[in-house]
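One structure is given here, and the rest of the page talks about it.
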Amino acid sequence: MTREEQSRLIAGDLLKIKAVFFRPDEPFTWASGIKSPVYCDNRLTLTAPEVRDDVENALAETIRREYPEAEVLMGTSTAGIAHAAITAHILKMPMGYVRSGAKDHGRQNQIEGKLEPGQKVVVVEDLISTGGSVLEVVEVLRAAGAQVLGIVSIFTYGMKKGLERLAAADVRNISLTNFDVIADEAAKQGYIREEDVARLIRFRNNPQDESWRE
């Protein structure tokens, strides 16, 4: 299966279980107040076994292809933990995860699982929008002496802010699918109208500009 075929397979899977759900005429409101035509919850893949198999096998194949030197997988808390664990099981690799903050008890760990300085790590994330949360994970791992090879994620919006942040931090991300592919597949499969695709891309390019709603 080519990367394009894989991207469209995962896009179709996410649409089918409404992990990515488009509603351009009745937008969702994000916590920031931004009106969004798309709702994304990749946690739903965990309760859909066939889709889960597609996602985890695609993550494993992506790591084999893009990061052959990887020694440890580290999930983001909390959405990336299950995906990191299942993918590590497929690849027979060790895994751990990074908390959003250090524990206030016990050993006060922020990194859970064994990680040796110098080990080559791939971060597993479910979704990338502006890139802020996953880059915090990368910083924690780098501070612990890990060599972060990059990120694998299920879905990325491809937002300018996120791309710029990743580039500035010298972090590579490979996503199984992206906003453009999912919007195209949504139109082809009748989830949205063909004329909605351009509106969705305008939103992706500048979420603060609500002219896409016109």
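Simple scheme: letters A, B, ... for chains in structure tokens order, numbers from 1 for residues in each chain, numbers from 1 for ligands in the order shown.
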
Q: Taking the chain letters and numbering used in this document, name the residues of segment 50-204 of chain A that DSSP puts in helix (DSSP H, G or I), as an MDAnalysis selection string.
A: chainID A and resid 50:66 79:91 132:143 160:168 179:188 196:204

Determine, for each residue of segment 92-178 of chain A having at least one atom at most 8 Å from an atom of segment 201-211 of chain A, the closest pair of atoms and their separation in Å to one decimal, counting only C-alpha atoms; order by chain and ascending number, as a Markdown table.
```
| residue | atom | partner | partner_atom | distance |
| --- | --- | --- | --- | --- |
| A:Tyr157 | CA | A:Arg204 | CA | 6.7 |
| A:Gly158 | CA | A:Arg204 | CA | 7.4 |
| A:Met159 | CA | A:Arg204 | CA | 5.9 |
| A:Lys160 | CA | A:Asn205 | CA | 6.7 |
```

Dump of all heavy atoms for the selected residues, as a CSV table (one decimal), in the first residue's frame:
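Output (result37.csv):
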```
chain,number,residue,atom,x,y,z
A,157,TYR,N,-4.0,18.8,11.1
A,157,TYR,CA,-4.7,19.9,10.4
A,157,TYR,C,-3.8,20.5,9.3
A,157,TYR,O,-4.3,21.0,8.3
A,157,TYR,CB,-5.2,21.0,11.3
A,157,TYR,CG,-6.4,20.6,12.1
A,157,TYR,CD1,-6.3,20.1,13.4
A,157,TYR,CD2,-7.7,20.8,11.6
A,157,TYR,CE1,-7.4,19.8,14.2
A,157,TYR,CE2,-8.8,20.5,12.4
A,157,TYR,CZ,-8.6,20.0,13.7
A,157,TYR,OH,-9.7,19.7,14.4
A,158,GLY,N,-2.5,20.5,9.5
A,158,GLY,CA,-1.6,21.2,8.6
A,158,GLY,C,-1.7,22.7,8.8
A,158,GLY,O,-1.4,23.4,7.8
A,159,MET,N,-2.1,23.1,10.0
A,159,MET,CA,-2.2,24.6,10.2
A,159,MET,C,-0.8,25.3,10.1
A,159,MET,O,0.2,24.7,10.6
A,159,MET,CB,-2.8,24.9,11.5
A,159,MET,CG,-4.3,24.5,11.6
A,159,MET,SD,-5.0,24.8,13.2
A,159,MET,CE,-6.8,24.4,12.9
A,160,LYS,N,-0.8,26.5,9.6
A,160,LYS,CA,0.5,27.2,9.4
A,160,LYS,C,1.2,27.3,10.8
A,160,LYS,O,2.4,27.1,10.8
A,160,LYS,CB,0.2,28.6,8.9
A,160,LYS,CG,1.4,29.4,8.6
A,160,LYS,CD,1.1,30.8,8.0
A,160,LYS,CE,2.3,31.6,7.9
A,160,LYS,NZ,2.0,33.0,7.3
```

**Q.** Residue contacts of Val152 of chain A (6 Å, only C-alpha atoms) excluding same-chain residues fewer than 4 positions away, as number ranges by chain
**A.** A: 124, 173-175

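When only C-alpha atoms are used to compute distances to Ile90 of chain A, the closest of the residues A:Ala183, A:Leu73, A:Leu135, A:Ile192 turns out to be A:Leu73.
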
(Q) What's around segment 56-65 of chain A at 10 Å? Count only C-alpha atoms, leave out sequence neighbours fewer than 6 positions away in its own chain, and write the answer as a ChimeraX atom specification. (A) /A:3,6-7,9-10,45-46,73,82-91,122,124,150-154,174-176

Take the residues just selected and output them with C-alpha atoms as a compact mmCIF listing (two decimals), in the first residue's frame.
```txt
# COMPACT_ATOMS: atom_id res chain seq x y z
CA ARG A 3 1.37 6.35 1.46
CA GLN A 6 -2.84 4.53 3.35
CA SER A 7 -3.79 8.17 3.92
CA LEU A 9 -7.82 4.43 4.00
CA ILE A 10 -7.30 6.09 7.38
CA THR A 45 -10.64 4.56 17.10
CA LEU A 46 -9.99 2.60 20.29
CA LEU A 73 8.09 4.88 21.68
CA ALA A 82 -2.93 3.69 24.07
CA HIS A 83 -1.69 4.14 20.50
CA ALA A 84 1.93 4.07 21.65
CA ALA A 85 1.29 0.91 23.68
CA ILE A 86 -0.45 -0.99 20.89
CA THR A 87 2.06 0.09 18.26
CA ALA A 88 4.98 -0.82 20.53
CA HIS A 89 3.41 -4.25 21.00
CA ILE A 90 3.25 -4.74 17.22
CA LEU A 91 6.87 -3.62 16.83
CA VAL A 122 9.63 8.46 18.47
CA VAL A 124 3.23 8.97 19.26
CA GLY A 150 10.41 12.76 15.38
CA ILE A 151 6.67 12.31 15.77
CA VAL A 152 4.08 9.98 14.29
CA SER A 153 0.47 11.12 14.50
CA ILE A 154 -2.86 9.88 13.24
CA ILE A 174 4.67 12.16 9.86
CA SER A 175 0.87 11.90 9.98
CA LEU A 176 -1.17 8.99 8.68
```

Q: List every residue of segment 9-165 of chain A that DSSP, applied to the backbone, labels as strand (DSSP E or B), and write the result as a PyMOL selection string.
A: chain A and resi 20-22+28-29+35-36+38-40+72-76+95-98+111-112+120-128+147-156

Got time to write the residues from that selection, N, CA, C and O atoms, as a compact mmCIF listing (two decimals), in the first residue's frame?
```txt
# COMPACT_ATOMS: atom_id res chain seq x y z
N VAL A 20 -13.53 11.98 12.93
CA VAL A 20 -13.46 13.32 12.33
C VAL A 20 -14.82 13.56 11.70
O VAL A 20 -15.26 12.81 10.82
N PHE A 21 -15.50 14.58 12.19
CA PHE A 21 -16.88 14.82 11.80
C PHE A 21 -17.01 16.26 11.29
O PHE A 21 -16.66 17.20 12.00
N PHE A 22 -17.47 16.42 10.06
CA PHE A 22 -17.60 17.74 9.45
C PHE A 22 -19.03 18.27 9.61
O PHE A 22 -20.00 17.56 9.36
N PHE A 28 -18.81 23.82 15.23
CA PHE A 28 -18.54 23.59 16.65
C PHE A 28 -17.78 24.80 17.21
O PHE A 28 -17.14 25.54 16.45
N THR A 29 -17.82 24.98 18.51
CA THR A 29 -17.06 26.05 19.15
C THR A 29 -15.93 25.44 19.96
O THR A 29 -16.17 24.63 20.86
N LYS A 35 -14.88 29.26 15.91
CA LYS A 35 -15.92 28.45 15.30
C LYS A 35 -15.27 27.51 14.29
O LYS A 35 -14.58 27.95 13.37
N SER A 36 -15.49 26.22 14.47
CA SER A 36 -14.82 25.23 13.63
C SER A 36 -15.82 24.35 12.90
O SER A 36 -16.79 23.88 13.50
N VAL A 38 -15.17 21.44 11.91
CA VAL A 38 -14.75 20.05 12.08
C VAL A 38 -14.58 19.72 13.56
O VAL A 38 -14.13 20.55 14.35
N TYR A 39 -14.97 18.52 13.91
CA TYR A 39 -14.78 18.00 15.26
C TYR A 39 -13.93 16.74 15.14
O TYR A 39 -14.19 15.88 14.30
N CYS A 40 -12.90 16.63 15.96
CA CYS A 40 -11.98 15.51 15.86
C CYS A 40 -11.79 14.84 17.22
O CYS A 40 -11.43 15.49 18.19
N VAL A 72 12.65 3.41 21.32
CA VAL A 72 11.59 3.54 22.31
C VAL A 72 10.47 4.40 21.72
O VAL A 72 10.74 5.37 21.02
N LEU A 73 9.22 4.03 22.02
CA LEU A 73 8.09 4.88 21.68
C LEU A 73 7.59 5.57 22.94
O LEU A 73 7.51 4.96 24.01
N MET A 74 7.26 6.85 22.82
CA MET A 74 6.73 7.61 23.94
C MET A 74 5.40 8.25 23.53
O MET A 74 5.35 9.03 22.58
N GLY A 75 4.33 7.90 24.25
CA GLY A 75 3.02 8.47 23.96
C GLY A 75 2.83 9.80 24.65
O GLY A 75 3.42 10.08 25.69
N THR A 76 1.98 10.62 24.07
CA THR A 76 1.59 11.87 24.71
C THR A 76 0.42 11.58 25.65
O THR A 76 -0.40 10.70 25.40
N MET A 95 7.96 1.01 25.46
CA MET A 95 7.23 2.27 25.35
C MET A 95 7.04 2.87 26.74
O MET A 95 7.21 2.21 27.76
N GLY A 96 6.71 4.14 26.72
CA GLY A 96 6.37 4.86 27.93
C GLY A 96 5.51 6.03 27.54
O GLY A 96 5.01 6.09 26.41
N TYR A 97 5.33 6.96 28.45
CA TYR A 97 4.57 8.15 28.09
C TYR A 97 5.04 9.32 28.94
O TYR A 97 5.71 9.15 29.96
N VAL A 98 4.68 10.51 28.47
CA VAL A 98 5.08 11.74 29.14
C VAL A 98 3.84 12.41 29.70
O VAL A 98 2.89 12.69 28.98
N ILE A 111 8.20 11.57 33.06
CA ILE A 111 8.33 10.52 32.06
C ILE A 111 8.07 9.19 32.74
O ILE A 111 8.77 8.82 33.70
N GLU A 112 7.09 8.45 32.26
CA GLU A 112 6.77 7.15 32.82
C GLU A 112 7.31 6.06 31.90
O GLU A 112 7.08 6.09 30.69
N LYS A 120 17.04 6.61 21.21
CA LYS A 120 16.35 7.21 20.07
C LYS A 120 14.85 6.97 20.20
O LYS A 120 14.39 5.83 20.21
N VAL A 121 14.12 8.08 20.29
CA VAL A 121 12.70 8.04 20.65
C VAL A 121 11.83 8.57 19.51
O VAL A 121 12.19 9.54 18.84
N VAL A 122 10.69 7.92 19.33
CA VAL A 122 9.63 8.46 18.47
C VAL A 122 8.43 8.76 19.35
O VAL A 122 8.01 7.92 20.16
N VAL A 123 7.89 9.95 19.21
CA VAL A 123 6.71 10.36 19.97
C VAL A 123 5.45 9.98 19.20
O VAL A 123 5.36 10.23 17.99
N VAL A 124 4.50 9.37 19.88
CA VAL A 124 3.23 8.97 19.26
C VAL A 124 2.13 9.90 19.75
O VAL A 124 1.89 10.01 20.95
N GLU A 125 1.47 10.56 18.81
CA GLU A 125 0.43 11.56 19.11
C GLU A 125 -0.81 11.23 18.28
O GLU A 125 -0.70 10.66 17.20
N ASP A 126 -1.98 11.59 18.78
CA ASP A 126 -3.18 11.30 18.00
C ASP A 126 -3.52 12.42 17.02
O ASP A 126 -3.94 12.16 15.90
N LEU A 127 -3.30 13.66 17.42
CA LEU A 127 -3.75 14.80 16.62
C LEU A 127 -2.79 15.97 16.78
O LEU A 127 -2.35 16.26 17.89
N ILE A 128 -2.50 16.64 15.66
CA ILE A 128 -1.67 17.85 15.73
C ILE A 128 -2.43 19.00 15.08
O ILE A 128 -2.87 18.91 13.93
N GLN A 147 17.22 11.25 22.34
CA GLN A 147 17.39 11.74 20.98
C GLN A 147 16.04 11.53 20.28
O GLN A 147 15.69 10.42 19.91
N VAL A 148 15.29 12.61 20.16
CA VAL A 148 13.95 12.51 19.58
C VAL A 148 14.07 12.52 18.05
O VAL A 148 14.44 13.52 17.45
N LEU A 149 13.74 11.38 17.45
CA LEU A 149 13.83 11.26 15.99
C LEU A 149 12.70 12.01 15.30
O LEU A 149 12.86 12.52 14.19
N GLY A 150 11.54 12.07 15.97
CA GLY A 150 10.41 12.76 15.38
C GLY A 150 9.10 12.27 15.99
O GLY A 150 9.09 11.61 17.03
N ILE A 151 8.02 12.60 15.32
CA ILE A 151 6.67 12.31 15.77
C ILE A 151 5.95 11.48 14.72
O ILE A 151 6.16 11.68 13.52
N VAL A 152 5.09 10.57 15.17
CA VAL A 152 4.08 9.98 14.29
C VAL A 152 2.73 10.35 14.88
O VAL A 152 2.53 10.30 16.09
N SER A 153 1.80 10.74 14.03
CA SER A 153 0.47 11.12 14.50
C SER A 153 -0.57 10.55 13.55
O SER A 153 -0.28 10.24 12.40
N ILE A 154 -1.79 10.42 14.07
CA ILE A 154 -2.86 9.88 13.24
C ILE A 154 -3.34 10.92 12.24
O ILE A 154 -3.54 10.63 11.07
N PHE A 155 -3.50 12.16 12.71
CA PHE A 155 -4.12 13.20 11.89
C PHE A 155 -3.49 14.55 12.17
O PHE A 155 -3.17 14.86 13.32
N THR A 156 -3.31 15.34 11.14
CA THR A 156 -2.85 16.71 11.32
C THR A 156 -3.72 17.66 10.51
O THR A 156 -4.16 17.33 9.40
```
